[in-house]
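Have a look at run01.pdb below; it lists PDB, C-alpha atoms.
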ATOM      1  CA  MET W   1      17.283   1.678   0.430
ATOM      2  CA  SER W   2      13.679   1.423  -0.680
ATOM      3  CA  LYS W   3      12.040  -1.681  -2.065
ATOM      4  CA  LYS W   4      10.758  -1.136  -5.614
ATOM      5  CA  LEU W   5       8.057  -2.656  -7.779
ATOM      6  CA  VAL W   6       7.459  -2.217 -11.493
ATOM      7  CA  ALA W   7       3.722  -2.684 -12.070
ATOM      8  CA  TYR W   8       2.587  -2.498 -15.665
ATOM      9  CA  PHE W   9      -0.314  -3.036 -18.032
ATOM     10  CA  SER W  10       0.547  -3.942 -21.601
ATOM     11  CA  ALA W  11      -2.002  -4.447 -24.358
ATOM     12  CA  SER W  12       0.377  -5.436 -27.143
ATOM     13  CA  GLY W  13       3.660  -6.354 -25.459
ATOM     14  CA  VAL W  14       5.460  -3.030 -26.009
ATOM     15  CA  THR W  15       5.026  -1.787 -22.433
ATOM     16  CA  ALA W  16       5.819  -5.274 -21.089
ATOM     17  CA  ARG W  17       9.201  -5.264 -22.814
ATOM     18  CA  VAL W  18      10.086  -1.847 -21.366
ATOM     19  CA  ALA W  19       8.799  -2.824 -17.908
ATOM     20  CA  LYS W  20      10.997  -5.923 -17.770
ATOM     21  CA  THR W  21      14.094  -3.923 -18.690
ATOM     22  CA  LEU W  22      13.173  -1.216 -16.167
ATOM     23  CA  ALA W  23      12.719  -3.805 -13.394
ATOM     24  CA  GLU W  24      16.192  -5.180 -14.101
ATOM     25  CA  ALA W  25      17.683  -1.663 -14.193
ATOM     26  CA  ALA W  26      15.981  -0.592 -10.955
ATOM     27  CA  GLY W  27      16.516  -3.829  -9.049
ATOM     28  CA  ALA W  28      12.739  -4.016  -8.717
ATOM     29  CA  ASP W  29      10.189  -6.786  -8.554
ATOM     30  CA  LEU W  30       7.853  -7.115 -11.536
ATOM     31  CA  TYR W  31       4.046  -7.348 -11.561
ATOM     32  CA  GLU W  32       1.785  -7.457 -14.598
ATOM     33  CA  ILE W  33      -1.599  -5.773 -14.211
ATOM     34  CA  GLN W  34      -3.785  -8.297 -16.020
ATOM     35  CA  PRO W  35      -7.414  -7.551 -16.856
ATOM     36  CA  ALA W  36      -9.919 -10.130 -15.621
ATOM     37  CA  GLN W  37     -11.389  -9.984 -19.121
ATOM     38  CA  PRO W  38      -8.433  -9.845 -21.523
ATOM     39  CA  TYR W  39      -8.543  -7.285 -24.322
ATOM     40  CA  THR W  40      -9.028  -8.649 -27.824
ATOM     41  CA  SER W  41      -7.798  -6.903 -30.947
ATOM     42  CA  ALA W  42     -11.409  -5.772 -31.557
ATOM     43  CA  ASP W  43     -11.489  -4.301 -28.022
ATOM     44  CA  LEU W  44      -8.383  -2.261 -28.848
ATOM     45  CA  ASN W  45      -9.642  -0.891 -32.169
ATOM     46  CA  TRP W  46      -9.570   2.828 -31.361
ATOM     47  CA  MET W  47     -11.212   3.623 -34.716
ATOM     48  CA  ASP W  48     -14.359   1.738 -33.658
ATOM     49  CA  LYS W  49     -16.518   3.989 -31.476
ATOM     50  CA  GLN W  50     -18.121   0.873 -29.957
ATOM     51  CA  SER W  51     -14.873  -0.889 -29.022
ATOM     52  CA  ARG W  52     -14.217  -1.609 -25.377
ATOM     53  CA  SER W  53     -11.187   0.695 -25.161
ATOM     54  CA  THR W  54     -13.060   3.569 -26.809
ATOM     55  CA  LYS W  55     -15.989   3.177 -24.414
ATOM     56  CA  GLU W  56     -13.616   3.092 -21.446
ATOM     57  CA  SER W  57     -11.890   6.267 -22.608
ATOM     58  CA  LYS W  58     -15.188   8.114 -22.908
ATOM     59  CA  ASP W  59     -16.603   7.026 -19.531
ATOM     60  CA  PRO W  60     -14.281   8.013 -16.666
ATOM     61  CA  SER W  61     -16.279   5.904 -14.193
ATOM     62  CA  ILE W  62     -15.401   2.563 -15.845
ATOM     63  CA  ARG W  63     -13.021   0.417 -13.803
ATOM     64  CA  PRO W  64     -12.039  -2.838 -15.547
ATOM     65  CA  ALA W  65     -11.493  -5.658 -13.061
ATOM     66  CA  ILE W  66      -7.958  -6.912 -12.466
ATOM     67  CA  ALA W  67      -7.361 -10.675 -12.521
ATOM     68  CA  ASN W  68      -4.579 -10.751  -9.926
ATOM     69  CA  LYS W  69      -3.373  -8.795  -6.896
ATOM     70  CA  VAL W  70      -0.058  -7.849  -5.356
ATOM     71  CA  ASP W  71      -0.127  -9.723  -2.053
ATOM     72  CA  ASN W  72       2.659  -7.741  -0.423
ATOM     73  CA  MET W  73       2.089  -4.159  -1.612
ATOM     74  CA  ALA W  74       2.882  -2.866   1.877
ATOM     75  CA  ASP W  75       6.495  -4.024   1.355
ATOM     76  CA  TYR W  76       7.124  -1.517  -1.464
ATOM     77  CA  ASP W  77       8.122   2.125  -1.069
ATOM     78  CA  VAL W  78       8.423   2.987  -4.761
ATOM     79  CA  ILE W  79       6.093   1.685  -7.438
ATOM     80  CA  PHE W  80       6.831   2.353 -11.096
ATOM     81  CA  VAL W  81       3.470   2.233 -12.877
ATOM     82  CA  GLY W  82       3.648   1.607 -16.618
ATOM     83  CA  PHE W  83       1.043   1.622 -19.343
ATOM     84  CA  PRO W  84       0.400   2.508 -22.967
ATOM     85  CA  ILE W  85      -1.089   5.972 -23.481
ATOM     86  CA  TRP W  86      -4.697   5.737 -24.655
ATOM     87  CA  TRP W  87      -6.338   8.977 -25.722
ATOM     88  CA  TYR W  88      -3.714  11.116 -23.954
ATOM     89  CA  THR W  89      -4.010   9.344 -20.607
ATOM     90  CA  ALA W  90      -3.634   6.030 -18.788
ATOM     91  CA  PRO W  91      -6.076   3.210 -19.595
ATOM     92  CA  SER W  92      -8.939   2.780 -17.134
ATOM     93  CA  ILE W  93      -7.376  -0.379 -15.700
ATOM     94  CA  ILE W  94      -4.610   1.810 -14.245
ATOM     95  CA  LYS W  95      -7.277   3.699 -12.307
ATOM     96  CA  THR W  96      -8.518   0.342 -11.009
ATOM     97  CA  PHE W  97      -4.967  -0.484  -9.946
ATOM     98  CA  VAL W  98      -4.278   2.743  -8.031
ATOM     99  CA  GLU W  99      -7.668   2.535  -6.300
ATOM    100  CA  SER W 100      -7.037  -1.091  -5.243
ATOM    101  CA  TYR W 101      -4.274  -0.413  -2.718
ATOM    102  CA  ASP W 102      -3.357   1.950   0.070
ATOM    103  CA  PHE W 103      -0.441   3.933  -1.341
ATOM    104  CA  SER W 104      -0.147   6.235   1.683
ATOM    105  CA  GLY W 105       3.433   7.452   1.986
ATOM    106  CA  LYS W 106       4.533   5.654  -1.166
ATOM    107  CA  THR W 107       5.975   7.128  -4.351
ATOM    108  CA  LEU W 108       4.441   6.191  -7.687
ATOM    109  CA  VAL W 109       6.571   6.968 -10.729
ATOM    110  CA  LEU W 110       4.721   6.799 -14.021
ATOM    111  CA  PHE W 111       6.166   5.584 -17.291
ATOM    112  CA  ALA W 112       4.408   5.019 -20.552
ATOM    113  CA  THR W 113       4.731   3.964 -24.136
ATOM    114  CA  SER W 114       2.944   5.848 -26.866
ATOM    115  CA  GLY W 115       2.639   6.047 -30.592
ATOM    116  CA  GLY W 116       2.222   9.788 -30.534
ATOM    117  CA  SER W 117       1.053  11.548 -27.388
ATOM    118  CA  GLY W 118       2.746  12.294 -24.079
ATOM    119  CA  LEU W 119       1.643  11.700 -20.503
ATOM    120  CA  GLY W 120      -0.421  14.905 -20.476
ATOM    121  CA  LYS W 121      -2.180  15.361 -17.120
ATOM    122  CA  THR W 122      -2.103  11.669 -16.220
ATOM    123  CA  ALA W 123      -0.110  12.267 -13.036
ATOM    124  CA  ASP W 124      -2.682  14.800 -11.812
ATOM    125  CA  ALA W 125      -5.556  12.409 -12.561
ATOM    126  CA  LEU W 126      -3.902   9.521 -10.728
ATOM    127  CA  GLN W 127      -2.792  11.739  -7.834
ATOM    128  CA  ALA W 128      -6.464  12.597  -7.261
ATOM    129  CA  LEU W 129      -7.231   8.873  -6.923
ATOM    130  CA  CYS W 130      -4.491   8.235  -4.344
ATOM    131  CA  PRO W 131      -3.966  11.567  -2.564
ATOM    132  CA  SER W 132      -1.825  10.108   0.243
ATOM    133  CA  ALA W 133       0.856   9.021  -2.230
ATOM    134  CA  THR W 134       3.355  11.047  -4.192
ATOM    135  CA  VAL W 135       2.696  10.584  -7.917
ATOM    136  CA  ARG W 136       5.542  11.591 -10.202
ATOM    137  CA  SER W 137       4.914  12.077 -13.903
ATOM    138  CA  GLY W 138       7.938  10.084 -15.007
ATOM    139  CA  LYS W 139       8.472   9.814 -18.732
ATOM    140  CA  LEU W 140       7.740   8.174 -22.030
ATOM    141  CA  LEU W 141       9.929   5.138 -22.626
ATOM    142  CA  ASN W 142       9.401   4.540 -26.320
ATOM    143  CA  GLY W 143      11.598   2.430 -28.531
ATOM    144  CA  ARG W 144      13.911  -0.025 -26.837
ATOM    145  CA  PRO W 145      15.604   1.778 -23.959
ATOM    146  CA  ASP W 146      18.554  -0.209 -22.676
ATOM    147  CA  GLN W 147      19.189  -1.183 -19.093
ATOM    148  CA  ALA W 148      21.998   1.368 -18.633
ATOM    149  CA  SER W 149      19.880   4.327 -19.742
ATOM    150  CA  LEU W 150      16.971   3.190 -17.558
ATOM    151  CA  ALA W 151      19.304   2.735 -14.567
ATOM    152  CA  ALA W 152      20.575   6.297 -15.101
ATOM    153  CA  TRP W 153      16.965   7.561 -15.211
ATOM    154  CA  VAL W 154      16.086   5.694 -11.983
ATOM    155  CA  ASP W 155      19.199   7.113 -10.304
ATOM    156  CA  SER W 156      18.233  10.635 -11.414
ATOM    157  CA  LEU W 157      14.864  10.235  -9.663
ATOM    158  CA  GLY W 158      16.517   9.767  -6.287
ATOM    159  CA  VAL W 159      14.090   7.016  -5.279
TER
END

Represent the structure contained in this file as structure tokens.
Amino acid sequence: MSKKLVAYFSASGVTARVAKTLAEAAGADLYEIQPAQPYTSADLNWMDKQSRSTKESKDPSIRPAIANKVDNMADYDVIFVGFPIWWYTAPSIIKTFVESYDFSGKTLVLFATSGGSGLGKTADALQALCPSATVRSGKLLNGRPDQASLAAWVDSLGV
């Protein structure tokens, strides 16, 4: 049986709530990807072309620093990576996360929350950043999925 981790970034608490339920359902450890410089509500104003999140979405080279690290990443075989969808993809801090560790031979399963768009080509983009891992697109987990439905999803993945 593989050891699992649910690693997530949450800007408003929605993804955090889903991640906690998923960790319980999967029997996984939980890790919050925290930005070294927390996002303010002004930073998250997608209607402002000068906001931090808008700038990050337009410049694919930006890598926001992460405040904390997973000390024992080598112990995990399966990492569920969760995030809100920003402009049809994962926030830049998720790129920082996947570039911060050696995921060789590991499986990353993506999950996201979104107000309107799907995962798009996020799995392909993240796979390019950690080519020695298997990145699975996963699914949107909007609303308040319960532990039983998340456990059934995890079981269906065969991880």

Residue members of the PyMOL selection byres ((chain W and resi 44-56) around 12) in the file shown, as a PyMOL selection string: chain W and resi 10-12+37-43+57-64+84-87+89-96

For range 4-8 of chain W: contacts at 12 Å, all atoms listed in the file, fewer than 4 positions along chain excluded, given as a PyMOL selection string: chain W and resi 13-35+66+68-70+72-84+90-91+93-94+97-98+106-113+154+159

Draw an axis-aligned box over all listed atoms of range 12-29 of chain W, pad each side with 3 Å, and write its centre and edge lengths in Å, one decimal, as AutoDock Vina command-line options.
--center_x 9.0 --center_y -3.7 --center_z -17.8 --size_x 23.3 --size_y 12.2 --size_z 24.6

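Pairwise distance (CA of Ser104 in chain W, CA of Leu157 in chain W) equals 19.2 Å.
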
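Between CA of Ser156 in chain W and CA of Ser2 in chain W the separation is 14.9 Å.
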
Straight-line distance linking CA of Ser117 in chain W with CA of Ala151 in chain W, stated in Å to one decimal: 24.0 Å

From the structure block, carefully write range 86-100 of chain W out with N, CA, C and O atoms; format it as a short mmCIF file (atom, residue, chain, number, x, y, z; two decimals), in the first residue's frame.
data_model
loop_
_atom_site.label_atom_id
_atom_site.label_comp_id
_atom_site.auth_asym_id
_atom_site.auth_seq_id
_atom_site.Cartn_x
_atom_site.Cartn_y
_atom_site.Cartn_z
N TRP W 86 -7.00 29.18 -11.76
CA TRP W 86 -6.85 30.60 -12.07
C TRP W 86 -6.56 30.70 -13.56
O TRP W 86 -5.57 30.15 -14.03
N TRP W 87 -7.42 31.36 -14.27
CA TRP W 87 -7.23 31.56 -15.71
C TRP W 87 -6.99 30.23 -16.42
O TRP W 87 -6.04 30.07 -17.17
N TYR W 88 -7.81 29.25 -16.13
CA TYR W 88 -7.82 27.95 -16.80
C TYR W 88 -6.62 27.06 -16.49
O TYR W 88 -6.37 26.10 -17.20
N THR W 89 -5.90 27.37 -15.43
CA THR W 89 -4.74 26.55 -15.07
C THR W 89 -4.44 26.67 -13.59
O THR W 89 -5.13 27.39 -12.86
N ALA W 90 -3.41 25.99 -13.14
CA ALA W 90 -2.99 26.06 -11.74
C ALA W 90 -2.28 27.38 -11.47
O ALA W 90 -1.57 27.90 -12.34
N PRO W 91 -2.41 27.92 -10.26
CA PRO W 91 -1.65 29.12 -9.90
C PRO W 91 -0.14 28.85 -9.98
O PRO W 91 0.30 27.71 -9.83
N SER W 92 0.61 29.90 -10.17
CA SER W 92 2.07 29.78 -10.31
C SER W 92 2.73 29.09 -9.12
O SER W 92 3.75 28.42 -9.28
N ILE W 93 2.16 29.24 -7.94
CA ILE W 93 2.78 28.62 -6.76
C ILE W 93 2.77 27.10 -6.87
O ILE W 93 3.62 26.42 -6.30
N ILE W 94 1.87 26.54 -7.64
CA ILE W 94 1.86 25.09 -7.87
C ILE W 94 3.06 24.69 -8.72
O ILE W 94 3.66 23.63 -8.50
N LYS W 95 3.44 25.55 -9.65
CA LYS W 95 4.66 25.28 -10.43
C LYS W 95 5.87 25.30 -9.50
O LYS W 95 6.76 24.45 -9.62
N THR W 96 5.90 26.27 -8.58
CA THR W 96 6.99 26.30 -7.60
C THR W 96 7.03 24.99 -6.83
O THR W 96 8.11 24.40 -6.65
N PHE W 97 5.88 24.52 -6.40
CA PHE W 97 5.80 23.28 -5.62
C PHE W 97 6.35 22.09 -6.40
O PHE W 97 7.19 21.35 -5.89
N VAL W 98 5.88 21.88 -7.62
CA VAL W 98 6.32 20.68 -8.36
C VAL W 98 7.79 20.76 -8.77
O VAL W 98 8.42 19.73 -8.96
N GLU W 99 8.33 21.97 -8.86
CA GLU W 99 9.76 22.11 -9.19
C GLU W 99 10.66 22.03 -7.95
O GLU W 99 11.86 21.95 -8.07
N SER W 100 10.05 21.98 -6.75
CA SER W 100 10.81 22.00 -5.51
C SER W 100 11.24 20.63 -5.01
O SER W 100 12.00 20.53 -4.04
#
